[in-house]
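File shown: structure36.cif. Contents: mmCIF, N, CA and C atoms and all ligand atoms.
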```
data_start
loop_
_atom_site.label_atom_id
_atom_site.label_comp_id
_atom_site.auth_asym_id
_atom_site.auth_seq_id
_atom_site.Cartn_x
_atom_site.Cartn_y
_atom_site.Cartn_z
N MET N 1 0.85 -1.20 0.00
CA MET N 1 0.00 0.00 0.00
C MET N 1 0.89 1.25 0.00
N PRO N 2 0.77 2.10 -1.02
CA PRO N 2 1.63 3.29 -1.06
C PRO N 2 1.17 4.36 -0.05
N TYR N 3 2.12 5.10 0.43
CA TYR N 3 1.82 6.23 1.30
C TYR N 3 2.31 7.51 0.63
N ARG N 4 1.64 8.58 0.99
CA ARG N 4 2.05 9.88 0.48
C ARG N 4 2.41 10.76 1.67
N LEU N 5 3.50 11.48 1.53
CA LEU N 5 3.89 12.40 2.59
C LEU N 5 3.24 13.75 2.27
N ILE N 6 2.35 14.21 3.12
CA ILE N 6 1.60 15.43 2.80
C ILE N 6 2.05 16.63 3.61
N GLY N 7 2.93 16.43 4.58
CA GLY N 7 3.40 17.59 5.32
C GLY N 7 4.33 17.21 6.44
N THR N 8 4.84 18.23 7.09
CA THR N 8 5.61 18.06 8.32
C THR N 8 5.07 19.09 9.29
N THR N 9 5.16 18.79 10.57
CA THR N 9 4.63 19.75 11.53
C THR N 9 5.37 19.67 12.86
N ASP N 10 5.45 20.80 13.54
CA ASP N 10 5.92 20.73 14.92
C ASP N 10 4.77 21.08 15.87
N ASP N 11 3.55 21.13 15.34
CA ASP N 11 2.36 21.33 16.18
C ASP N 11 1.96 20.03 16.87
N CYS N 12 2.02 18.93 16.10
CA CYS N 12 1.74 17.62 16.67
C CYS N 12 3.07 16.91 16.85
N THR N 13 3.45 16.63 18.08
CA THR N 13 4.79 16.08 18.34
C THR N 13 4.73 14.68 18.91
N GLN N 14 3.55 14.02 18.76
CA GLN N 14 3.43 12.64 19.23
C GLN N 14 3.26 11.70 18.05
N CYS N 15 3.95 10.59 18.09
CA CYS N 15 3.91 9.61 17.00
C CYS N 15 2.64 8.75 17.12
N ASP N 16 1.82 8.71 16.06
CA ASP N 16 0.59 7.90 16.08
C ASP N 16 0.89 6.41 16.10
N PHE N 17 2.06 6.01 15.62
CA PHE N 17 2.38 4.59 15.55
C PHE N 17 2.79 4.03 16.91
N CYS N 18 3.70 4.70 17.60
CA CYS N 18 4.24 4.13 18.83
C CYS N 18 3.87 4.93 20.07
N GLY N 19 3.29 6.12 19.88
CA GLY N 19 2.88 6.91 21.02
C GLY N 19 3.96 7.76 21.66
N LYS N 20 5.18 7.68 21.12
CA LYS N 20 6.27 8.47 21.66
C LYS N 20 5.94 9.97 21.54
N ALA N 21 6.15 10.70 22.64
CA ALA N 21 5.76 12.11 22.67
C ALA N 21 6.99 13.02 22.65
N GLU N 22 6.72 14.28 22.50
CA GLU N 22 7.76 15.32 22.53
C GLU N 22 8.83 15.11 21.47
N LEU N 23 8.41 14.67 20.30
CA LEU N 23 9.32 14.60 19.16
C LEU N 23 9.57 16.03 18.69
N ARG N 24 10.69 16.24 18.03
CA ARG N 24 11.01 17.58 17.53
C ARG N 24 9.98 17.99 16.47
N MET N 25 9.62 17.05 15.63
CA MET N 25 8.59 17.27 14.61
C MET N 25 8.04 15.92 14.20
N THR N 26 6.93 15.92 13.48
CA THR N 26 6.41 14.68 12.91
C THR N 26 6.18 14.89 11.42
N VAL N 27 6.21 13.79 10.68
CA VAL N 27 5.79 13.86 9.29
C VAL N 27 4.33 13.43 9.24
N VAL N 28 3.61 14.00 8.29
CA VAL N 28 2.20 13.68 8.13
C VAL N 28 2.06 12.84 6.88
N ILE N 29 1.57 11.60 7.04
CA ILE N 29 1.43 10.72 5.88
C ILE N 29 0.00 10.21 5.79
N GLU N 30 -0.37 9.77 4.61
CA GLU N 30 -1.68 9.13 4.44
C GLU N 30 -1.50 8.00 3.44
N SER N 31 -2.30 6.94 3.62
CA SER N 31 -2.20 5.84 2.67
C SER N 31 -3.09 6.15 1.47
N LEU N 32 -2.72 5.59 0.34
CA LEU N 32 -3.42 5.85 -0.91
C LEU N 32 -4.07 4.57 -1.43
N ASP N 33 -5.22 4.71 -2.06
CA ASP N 33 -5.83 3.55 -2.71
C ASP N 33 -5.22 3.39 -4.11
N ALA N 34 -5.72 2.41 -4.86
CA ALA N 34 -5.15 2.10 -6.17
C ALA N 34 -5.25 3.28 -7.14
N ASP N 35 -6.24 4.17 -6.92
CA ASP N 35 -6.40 5.32 -7.81
C ASP N 35 -5.58 6.52 -7.36
N GLY N 36 -4.83 6.34 -6.27
CA GLY N 36 -4.01 7.45 -5.78
C GLY N 36 -4.76 8.42 -4.90
N ASN N 37 -5.94 8.02 -4.43
CA ASN N 37 -6.68 8.89 -3.51
C ASN N 37 -6.44 8.45 -2.06
N ALA N 38 -6.45 9.42 -1.17
CA ALA N 38 -6.21 9.11 0.24
C ALA N 38 -7.32 8.20 0.76
N ASP N 39 -6.93 7.13 1.48
CA ASP N 39 -7.96 6.30 2.10
C ASP N 39 -7.69 6.12 3.58
N SER N 40 -6.97 7.07 4.17
CA SER N 40 -6.80 7.08 5.62
C SER N 40 -6.83 8.52 6.10
N ASP N 41 -7.09 8.68 7.39
CA ASP N 41 -6.91 9.99 7.99
C ASP N 41 -5.41 10.28 8.00
N PRO N 42 -5.04 11.55 8.10
CA PRO N 42 -3.61 11.83 8.22
C PRO N 42 -3.01 11.14 9.44
N ILE N 43 -1.84 10.56 9.27
CA ILE N 43 -1.12 9.89 10.35
C ILE N 43 0.12 10.72 10.67
N TYR N 44 0.29 11.04 11.94
CA TYR N 44 1.47 11.79 12.38
C TYR N 44 2.48 10.79 12.91
N ALA N 45 3.69 10.88 12.42
CA ALA N 45 4.67 9.87 12.80
C ALA N 45 6.07 10.45 12.89
N GLY N 46 6.87 9.88 13.77
CA GLY N 46 8.29 10.18 13.78
C GLY N 46 8.92 9.57 12.54
N THR N 47 10.06 10.10 12.10
CA THR N 47 10.66 9.62 10.86
C THR N 47 11.10 8.16 10.99
N THR N 48 11.63 7.77 12.14
CA THR N 48 12.09 6.40 12.33
C THR N 48 10.93 5.42 12.26
N CYS N 49 9.84 5.77 12.96
CA CYS N 49 8.66 4.91 12.97
C CYS N 49 8.04 4.82 11.58
N ALA N 50 7.95 5.95 10.90
CA ALA N 50 7.37 5.96 9.55
C ALA N 50 8.17 5.02 8.66
N ALA N 51 9.49 5.12 8.71
CA ALA N 51 10.35 4.28 7.87
C ALA N 51 10.16 2.80 8.22
N ARG N 52 10.02 2.50 9.51
CA ARG N 52 9.86 1.11 9.94
C ARG N 52 8.51 0.58 9.46
N LYS N 53 7.45 1.37 9.69
CA LYS N 53 6.11 0.93 9.30
C LYS N 53 5.99 0.72 7.80
N LEU N 54 6.75 1.50 7.05
CA LEU N 54 6.67 1.42 5.59
C LEU N 54 7.73 0.48 5.03
N ASN N 55 8.40 -0.26 5.91
CA ASN N 55 9.40 -1.23 5.48
C ASN N 55 10.44 -0.64 4.54
N MET N 56 10.97 0.51 4.91
CA MET N 56 11.90 1.19 4.01
C MET N 56 13.34 0.73 4.21
N GLY N 57 13.55 -0.11 5.21
CA GLY N 57 14.89 -0.68 5.39
C GLY N 57 15.93 0.31 5.89
N ARG N 58 17.20 -0.08 5.72
CA ARG N 58 18.30 0.78 6.19
C ARG N 58 18.26 2.14 5.52
N GLY N 59 18.48 3.18 6.30
CA GLY N 59 18.49 4.53 5.72
C GLY N 59 17.10 5.08 5.50
N GLY N 60 16.09 4.31 5.93
CA GLY N 60 14.71 4.73 5.70
C GLY N 60 14.37 6.04 6.38
N ALA N 61 14.81 6.18 7.63
CA ALA N 61 14.48 7.40 8.38
C ALA N 61 15.03 8.63 7.66
N ARG N 62 16.25 8.44 7.09
CA ARG N 62 16.86 9.53 6.34
C ARG N 62 16.02 9.87 5.10
N LYS N 63 15.53 8.82 4.43
CA LYS N 63 14.69 9.05 3.23
C LYS N 63 13.41 9.78 3.60
N VAL N 64 12.80 9.37 4.73
CA VAL N 64 11.57 10.04 5.18
C VAL N 64 11.87 11.51 5.49
N SER N 65 13.00 11.72 6.15
CA SER N 65 13.38 13.07 6.52
C SER N 65 13.64 13.93 5.28
N ASP N 66 14.31 13.35 4.27
CA ASP N 66 14.53 14.07 3.01
C ASP N 66 13.21 14.42 2.33
N ALA N 67 12.28 13.44 2.34
CA ALA N 67 10.97 13.69 1.73
C ALA N 67 10.24 14.81 2.50
N GLY N 68 10.42 14.82 3.82
CA GLY N 68 9.83 15.89 4.63
C GLY N 68 10.37 17.25 4.24
N ASN N 69 11.68 17.31 4.00
CA ASN N 69 12.27 18.57 3.58
C ASN N 69 11.77 18.99 2.20
N ALA N 70 11.57 18.01 1.32
CA ALA N 70 11.05 18.31 -0.02
C ALA N 70 9.65 18.91 0.09
N VAL N 71 8.83 18.36 1.01
CA VAL N 71 7.48 18.90 1.18
C VAL N 71 7.54 20.31 1.75
N LYS N 72 8.50 20.55 2.66
CA LYS N 72 8.64 21.89 3.22
C LYS N 72 8.97 22.90 2.13
N ARG N 73 9.89 22.52 1.24
CA ARG N 73 10.26 23.41 0.13
C ARG N 73 9.06 23.66 -0.78
N LEU N 74 8.32 22.57 -1.05
CA LEU N 74 7.14 22.68 -1.91
C LEU N 74 6.10 23.60 -1.27
N MET N 75 5.93 23.48 0.04
CA MET N 75 4.99 24.34 0.75
C MET N 75 5.41 25.81 0.64
N GLY N 76 6.72 26.06 0.72
CA GLY N 76 7.22 27.42 0.55
C GLY N 76 6.88 27.97 -0.82
N GLU N 77 7.04 27.13 -1.82
CA GLU N 77 6.72 27.52 -3.20
C GLU N 77 5.22 27.82 -3.31
N ALA N 78 4.41 26.95 -2.70
CA ALA N 78 2.96 27.12 -2.75
C ALA N 78 2.54 28.41 -2.04
N LYS N 79 3.19 28.72 -0.92
CA LYS N 79 2.86 29.94 -0.17
C LYS N 79 3.16 31.19 -1.01
N ARG N 80 4.31 31.14 -1.71
CA ARG N 80 4.64 32.28 -2.58
C ARG N 80 3.60 32.43 -3.69
N PHE N 81 3.18 31.29 -4.24
CA PHE N 81 2.13 31.30 -5.26
C PHE N 81 0.84 31.89 -4.69
N ALA N 82 0.47 31.43 -3.48
CA ALA N 82 -0.77 31.90 -2.85
C ALA N 82 -0.68 33.40 -2.57
N ASP N 83 0.50 33.87 -2.11
CA ASP N 83 0.67 35.30 -1.83
C ASP N 83 0.44 36.12 -3.09
N GLU N 84 0.94 35.58 -4.21
CA GLU N 84 0.80 36.29 -5.47
C GLU N 84 -0.66 36.33 -5.92
N MET N 85 -1.37 35.24 -5.68
CA MET N 85 -2.72 35.08 -6.23
C MET N 85 -3.83 35.55 -5.28
N ARG N 86 -3.50 35.66 -4.00
CA ARG N 86 -4.53 35.96 -3.00
C ARG N 86 -5.16 37.32 -3.29
N GLY N 87 -6.46 37.33 -3.30
CA GLY N 87 -7.18 38.58 -3.43
C GLY N 87 -7.14 39.18 -4.82
N ILE N 88 -6.70 38.38 -5.80
CA ILE N 88 -6.68 38.90 -7.17
C ILE N 88 -8.14 39.08 -7.62
N ALA N 89 -8.45 40.28 -8.09
CA ALA N 89 -9.84 40.58 -8.48
C ALA N 89 -10.19 39.83 -9.76
N PHE N 90 -11.45 39.46 -9.89
CA PHE N 90 -11.87 38.70 -11.06
C PHE N 90 -11.53 39.43 -12.36
N ASN N 91 -11.78 40.74 -12.38
CA ASN N 91 -11.50 41.50 -13.61
C ASN N 91 -10.03 41.48 -14.00
N THR N 92 -9.17 41.54 -13.00
CA THR N 92 -7.73 41.46 -13.24
C THR N 92 -7.37 40.09 -13.80
N TYR N 93 -7.95 39.07 -13.18
CA TYR N 93 -7.71 37.69 -13.61
C TYR N 93 -8.20 37.49 -15.04
N LEU N 94 -9.37 38.01 -15.31
CA LEU N 94 -9.97 37.91 -16.64
C LEU N 94 -9.06 38.56 -17.68
N LYS N 95 -8.62 39.78 -17.39
CA LYS N 95 -7.77 40.53 -18.31
C LYS N 95 -6.47 39.78 -18.58
N ALA N 96 -5.88 39.24 -17.52
CA ALA N 96 -4.59 38.57 -17.65
C ALA N 96 -4.68 37.30 -18.49
N ASN N 97 -5.87 36.68 -18.51
CA ASN N 97 -6.02 35.40 -19.20
C ASN N 97 -7.02 35.45 -20.35
N LEU N 98 -7.28 36.66 -20.82
CA LEU N 98 -8.36 36.86 -21.80
C LEU N 98 -8.20 35.98 -23.04
N VAL N 99 -7.01 35.92 -23.58
CA VAL N 99 -6.77 35.17 -24.80
C VAL N 99 -7.10 33.69 -24.58
N ALA N 100 -6.67 33.16 -23.42
CA ALA N 100 -6.92 31.76 -23.11
C ALA N 100 -8.42 31.48 -23.05
N PHE N 101 -9.19 32.41 -22.45
CA PHE N 101 -10.63 32.20 -22.32
C PHE N 101 -11.34 32.34 -23.68
N GLN N 102 -10.84 33.25 -24.51
CA GLN N 102 -11.40 33.38 -25.86
C GLN N 102 -11.12 32.12 -26.69
N ASN N 103 -9.90 31.62 -26.55
CA ASN N 103 -9.54 30.38 -27.25
C ASN N 103 -10.43 29.23 -26.79
N TYR N 104 -10.67 29.17 -25.48
CA TYR N 104 -11.51 28.11 -24.93
C TYR N 104 -12.89 28.16 -25.57
N GLN N 105 -13.43 29.36 -25.67
CA GLN N 105 -14.78 29.52 -26.24
C GLN N 105 -14.81 29.09 -27.72
N GLU N 106 -13.77 29.48 -28.46
CA GLU N 106 -13.70 29.10 -29.88
C GLU N 106 -13.57 27.60 -30.03
N ARG N 107 -12.75 27.01 -29.18
CA ARG N 107 -12.43 25.59 -29.29
C ARG N 107 -13.62 24.72 -28.91
N THR N 108 -14.34 25.12 -27.85
CA THR N 108 -15.37 24.25 -27.30
C THR N 108 -16.79 24.72 -27.62
N GLY N 109 -16.93 25.99 -27.98
CA GLY N 109 -18.26 26.53 -28.20
C GLY N 109 -18.98 26.83 -26.90
N GLU N 110 -18.30 26.58 -25.77
CA GLU N 110 -18.91 26.89 -24.46
C GLU N 110 -18.48 28.27 -24.01
N SER N 111 -19.23 28.81 -23.07
CA SER N 111 -18.98 30.18 -22.62
C SER N 111 -17.59 30.35 -22.00
N GLY N 112 -16.80 31.22 -22.61
CA GLY N 112 -15.48 31.52 -22.07
C GLY N 112 -15.59 32.27 -20.76
N ALA N 113 -16.64 33.09 -20.62
CA ALA N 113 -16.84 33.86 -19.38
C ALA N 113 -17.11 32.92 -18.21
N GLN N 114 -17.95 31.88 -18.48
CA GLN N 114 -18.25 30.92 -17.41
C GLN N 114 -16.99 30.15 -17.03
N PHE N 115 -16.22 29.76 -18.06
CA PHE N 115 -14.97 29.05 -17.81
C PHE N 115 -14.02 29.92 -16.98
N ALA N 116 -13.98 31.20 -17.31
CA ALA N 116 -13.13 32.14 -16.56
C ALA N 116 -13.56 32.20 -15.11
N LYS N 117 -14.87 32.31 -14.89
CA LYS N 117 -15.40 32.38 -13.52
C LYS N 117 -15.06 31.10 -12.74
N ASP N 118 -15.31 29.96 -13.39
CA ASP N 118 -15.03 28.68 -12.73
C ASP N 118 -13.55 28.57 -12.35
N SER N 119 -12.69 28.94 -13.29
CA SER N 119 -11.26 28.76 -13.01
C SER N 119 -10.79 29.77 -11.97
N TRP N 120 -11.42 30.94 -11.93
CA TRP N 120 -11.08 31.92 -10.89
C TRP N 120 -11.50 31.40 -9.51
N HIS N 121 -12.68 30.78 -9.45
CA HIS N 121 -13.13 30.20 -8.18
C HIS N 121 -12.20 29.06 -7.75
N GLU N 122 -11.79 28.27 -8.74
CA GLU N 122 -10.86 27.17 -8.46
C GLU N 122 -9.55 27.71 -7.87
N LEU N 123 -9.06 28.77 -8.48
CA LEU N 123 -7.82 29.40 -8.01
C LEU N 123 -7.97 29.86 -6.56
N ASN N 124 -9.10 30.50 -6.27
CA ASN N 124 -9.34 30.97 -4.89
C ASN N 124 -9.44 29.81 -3.91
N ALA N 125 -10.04 28.72 -4.36
CA ALA N 125 -10.14 27.53 -3.50
C ALA N 125 -8.75 26.97 -3.23
N GLU N 126 -7.89 26.98 -4.26
CA GLU N 126 -6.51 26.51 -4.08
C GLU N 126 -5.77 27.36 -3.07
N VAL N 127 -5.92 28.68 -3.19
CA VAL N 127 -5.25 29.60 -2.27
C VAL N 127 -5.72 29.33 -0.84
N ALA N 128 -7.03 29.09 -0.67
CA ALA N 128 -7.57 28.81 0.67
C ALA N 128 -6.98 27.52 1.24
N LEU N 129 -6.85 26.51 0.39
CA LEU N 129 -6.26 25.24 0.84
C LEU N 129 -4.81 25.45 1.28
N ILE N 130 -4.06 26.17 0.46
CA ILE N 130 -2.65 26.42 0.78
C ILE N 130 -2.56 27.21 2.09
N ASP N 131 -3.44 28.22 2.24
CA ASP N 131 -3.45 29.00 3.48
C ASP N 131 -3.74 28.11 4.69
N SER N 132 -4.54 27.07 4.49
CA SER N 132 -4.87 26.19 5.61
C SER N 132 -3.78 25.13 5.83
N GLY N 133 -2.75 25.15 4.98
CA GLY N 133 -1.58 24.30 5.21
C GLY N 133 -1.60 22.97 4.48
N THR N 134 -2.49 22.82 3.49
CA THR N 134 -2.51 21.57 2.75
C THR N 134 -2.26 21.82 1.26
N LEU N 135 -1.60 20.86 0.64
CA LEU N 135 -1.36 20.97 -0.80
C LEU N 135 -2.24 20.00 -1.58
N VAL N 136 -2.93 19.12 -0.86
CA VAL N 136 -3.84 18.17 -1.51
C VAL N 136 -5.02 18.97 -2.08
N GLY N 137 -5.31 18.73 -3.35
CA GLY N 137 -6.39 19.49 -3.99
C GLY N 137 -5.89 20.75 -4.68
N THR N 138 -4.57 20.95 -4.67
CA THR N 138 -4.00 22.10 -5.37
C THR N 138 -3.11 21.61 -6.51
N ARG N 139 -2.61 22.55 -7.31
CA ARG N 139 -1.73 22.20 -8.42
C ARG N 139 -0.41 21.60 -7.94
N PHE N 140 -0.12 21.72 -6.65
CA PHE N 140 1.13 21.18 -6.11
C PHE N 140 1.00 19.73 -5.65
N GLU N 141 -0.23 19.22 -5.64
CA GLU N 141 -0.48 17.88 -5.10
C GLU N 141 0.37 16.81 -5.79
N LYS N 142 0.48 16.90 -7.11
CA LYS N 142 1.20 15.87 -7.88
C LYS N 142 2.66 15.78 -7.49
N GLN N 143 3.19 16.86 -6.90
CA GLN N 143 4.62 16.87 -6.54
C GLN N 143 4.89 16.33 -5.15
N LEU N 144 3.83 15.97 -4.41
CA LEU N 144 4.04 15.41 -3.07
C LEU N 144 4.74 14.06 -3.19
N PRO N 145 5.75 13.81 -2.36
CA PRO N 145 6.48 12.55 -2.48
C PRO N 145 5.70 11.36 -1.92
N THR N 146 5.80 10.22 -2.60
CA THR N 146 5.24 8.99 -2.05
C THR N 146 6.40 8.17 -1.49
N LEU N 147 6.09 7.36 -0.50
CA LEU N 147 7.12 6.61 0.20
C LEU N 147 6.92 5.12 -0.03
ZN ZN S 1 6.82 6.25 16.67
#
```

Would you mind writing the file out in structure tokens?
Amino acid sequence: MPYRLIGTTDDCTQCDFCGKAELRMTVVIESLDADGNADSDPIYAGTTCAARKLNMGRGGARKVSDAGNAVKRLMGEAKRFADEMRGIAFNTYLKANLVAFQNYQERTGESGAQFAKDSWHELNAEVALIDSGTLVGTRFEKQLPTL
């Protein structure tokens, strides 16, 4: 069963696997079904325990820790993206992407204005997710490391 590393945190410092408390930080992982969708609640774990539970063998804790750092960097990238996009007015968004929306209308025969509105709402939803500290459901989701 594949797992995905979705974050790291120092808010929760207890390992869900072994119960060890006062860890410096935990990694947040979730198991994935065959379609790549999460089928567990987030699990908070120490890097050593995560590596052991996932049968990663020698050097596993280091691999988990590296993956944790990769997620931290990705989160930084996502935050910069969110900062740039937060509060962008619909008219500004429309103007910036006008050609794309016109092309969409020509290509599909469907309303480019509606497509623009939908994609603007999607963008705002992504920003809200990133602000809440998750990358699942955003354009950054595909870059989350699996273990
Ligand atoms: Zn543990």

Would you mind listing the residues within 5 Å of ligand ZN 1 (chain S), counting only N, CA and C atoms and all ligand atoms, as a list in words?
Cys15, Phe17, Cys18, Gly19, Lys20, Gly46 and Cys49 of chain N

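By chain and then residue number, the residues within 6 Å of Leu23 (chain N) are Thr13, Gln14, Lys20 and Thr26 of chain N, counting all atoms listed in the file and disregarding those fewer than 3 positions away in sequence.
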
Between atom C of Ile29 (chain N) and atom C of Asp41 (chain N) - distance in Å to one decimal:
5.8 Å

Within 8 Å of Thr146 (chain N), counting all atoms listed in the file, which residues show up once you throw out same-chain ones fewer than 2 positions away? Write them as a PyMOL selection string, please.
chain N and resi 2-6+67+143-144

With N, CA and C atoms retained, write the just-selected residues as a compact mmCIF listing (two decimals), in the frame of the given file.
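Listed below is the output, out27.txt:
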```txt
# COMPACT_ATOMS: atom_id res chain seq x y z
N PRO N 2 0.77 2.10 -1.02
CA PRO N 2 1.63 3.29 -1.06
C PRO N 2 1.17 4.36 -0.05
N TYR N 3 2.12 5.10 0.43
CA TYR N 3 1.82 6.23 1.30
C TYR N 3 2.31 7.51 0.63
N ARG N 4 1.64 8.58 0.99
CA ARG N 4 2.05 9.88 0.48
C ARG N 4 2.41 10.76 1.67
N LEU N 5 3.50 11.48 1.53
CA LEU N 5 3.89 12.40 2.59
C LEU N 5 3.24 13.75 2.27
N ILE N 6 2.35 14.21 3.12
CA ILE N 6 1.60 15.43 2.80
C ILE N 6 2.05 16.63 3.61
N ALA N 67 12.28 13.44 2.34
CA ALA N 67 10.97 13.69 1.73
C ALA N 67 10.24 14.81 2.50
N GLN N 143 3.19 16.86 -6.90
CA GLN N 143 4.62 16.87 -6.54
C GLN N 143 4.89 16.33 -5.15
N LEU N 144 3.83 15.97 -4.41
CA LEU N 144 4.04 15.41 -3.07
C LEU N 144 4.74 14.06 -3.19
```

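Of the listed residues N:Asp10, N:Asp16, N:Glu22, N:Glu30, the one whose atoms come nearest to Val136 (chain N) is N:Glu30, with distances taken using only C-alpha atoms.
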
Give me the residues within 6 Å of Val28 (chain N) as a list in words, counting all atoms listed in the file and dropping any in the same chain fewer than 5 places off.
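Listing them by chain and then by number gives Arg4, Leu5, Ile6, Gly7, Thr8, Thr9, Pro42, Ile43, Tyr44 and Ala45 of chain N.
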
Spatial neighbours of region 108-125 of chain N, 8 Å, all atoms listed in the file, chain gap at least 4 places, as a tab-separated table (two decimals) with N, CA and C atoms, in the coordinates of the input:
```
chain	number	residue	atom	x	y	z
N	85	MET	N	-1.37	35.24	-5.68
N	85	MET	CA	-2.72	35.08	-6.23
N	85	MET	C	-3.83	35.55	-5.28
N	86	ARG	N	-3.50	35.66	-4.00
N	86	ARG	CA	-4.53	35.96	-3.00
N	86	ARG	C	-5.16	37.32	-3.29
N	87	GLY	N	-6.46	37.33	-3.30
N	87	GLY	CA	-7.18	38.58	-3.43
N	87	GLY	C	-7.14	39.18	-4.82
N	88	ILE	N	-6.70	38.38	-5.80
N	88	ILE	CA	-6.68	38.90	-7.17
N	88	ILE	C	-8.14	39.08	-7.62
N	90	PHE	N	-11.45	39.46	-9.89
N	90	PHE	CA	-11.87	38.70	-11.06
N	90	PHE	C	-11.53	39.43	-12.36
N	93	TYR	N	-7.95	39.07	-13.18
N	93	TYR	CA	-7.71	37.69	-13.61
N	93	TYR	C	-8.20	37.49	-15.04
N	94	LEU	N	-9.37	38.01	-15.31
N	94	LEU	CA	-9.97	37.91	-16.64
N	94	LEU	C	-9.06	38.56	-17.68
N	97	ASN	N	-5.87	36.68	-18.51
N	97	ASN	CA	-6.02	35.40	-19.20
N	97	ASN	C	-7.02	35.45	-20.35
N	100	ALA	N	-6.67	33.16	-23.42
N	100	ALA	CA	-6.92	31.76	-23.11
N	100	ALA	C	-8.42	31.48	-23.05
N	101	PHE	N	-9.19	32.41	-22.45
N	101	PHE	CA	-10.63	32.20	-22.32
N	101	PHE	C	-11.34	32.34	-23.68
N	102	GLN	N	-10.84	33.25	-24.51
N	102	GLN	CA	-11.40	33.38	-25.86
N	102	GLN	C	-11.12	32.12	-26.69
N	103	ASN	N	-9.90	31.62	-26.55
N	103	ASN	CA	-9.54	30.38	-27.25
N	103	ASN	C	-10.43	29.23	-26.79
N	104	TYR	N	-10.67	29.17	-25.48
N	104	TYR	CA	-11.51	28.11	-24.93
N	104	TYR	C	-12.89	28.16	-25.57
N	129	LEU	N	-6.85	26.51	0.39
N	129	LEU	CA	-6.26	25.24	0.84
N	129	LEU	C	-4.81	25.45	1.28
N	130	ILE	N	-4.06	26.17	0.46
N	130	ILE	CA	-2.65	26.42	0.78
N	130	ILE	C	-2.56	27.21	2.09
N	131	ASP	N	-3.44	28.22	2.24
N	131	ASP	CA	-3.45	29.00	3.48
N	131	ASP	C	-3.74	28.11	4.69
N	137	GLY	N	-5.31	18.73	-3.35
N	137	GLY	CA	-6.39	19.49	-3.99
N	137	GLY	C	-5.89	20.75	-4.68
N	138	THR	N	-4.57	20.95	-4.67
N	138	THR	CA	-4.00	22.10	-5.37
N	138	THR	C	-3.11	21.61	-6.51
```

Write down as an MDAnalysis selection string the residues of chain N whose backbone DSSP state falls under strand (DSSP E or B).
chainID N and resid 3:9 26:32 38 43:45 146

If you run DSSP on the backbone here, which positions in region 58-144 of chain N get helix (DSSP H, G or I)? Please write them as number ranges by chain.
N: 60-85, 90-96, 98-108, 112-131, 141-143

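Interatomic distance, CA of Gly36 (chain N) against CA of Leu147 (chain N): 12.7 Å.
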
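The gap separating atom N of Gly133 (chain N) from atom N of Glu84 (chain N) is 14.4 Å, in Å to one decimal.
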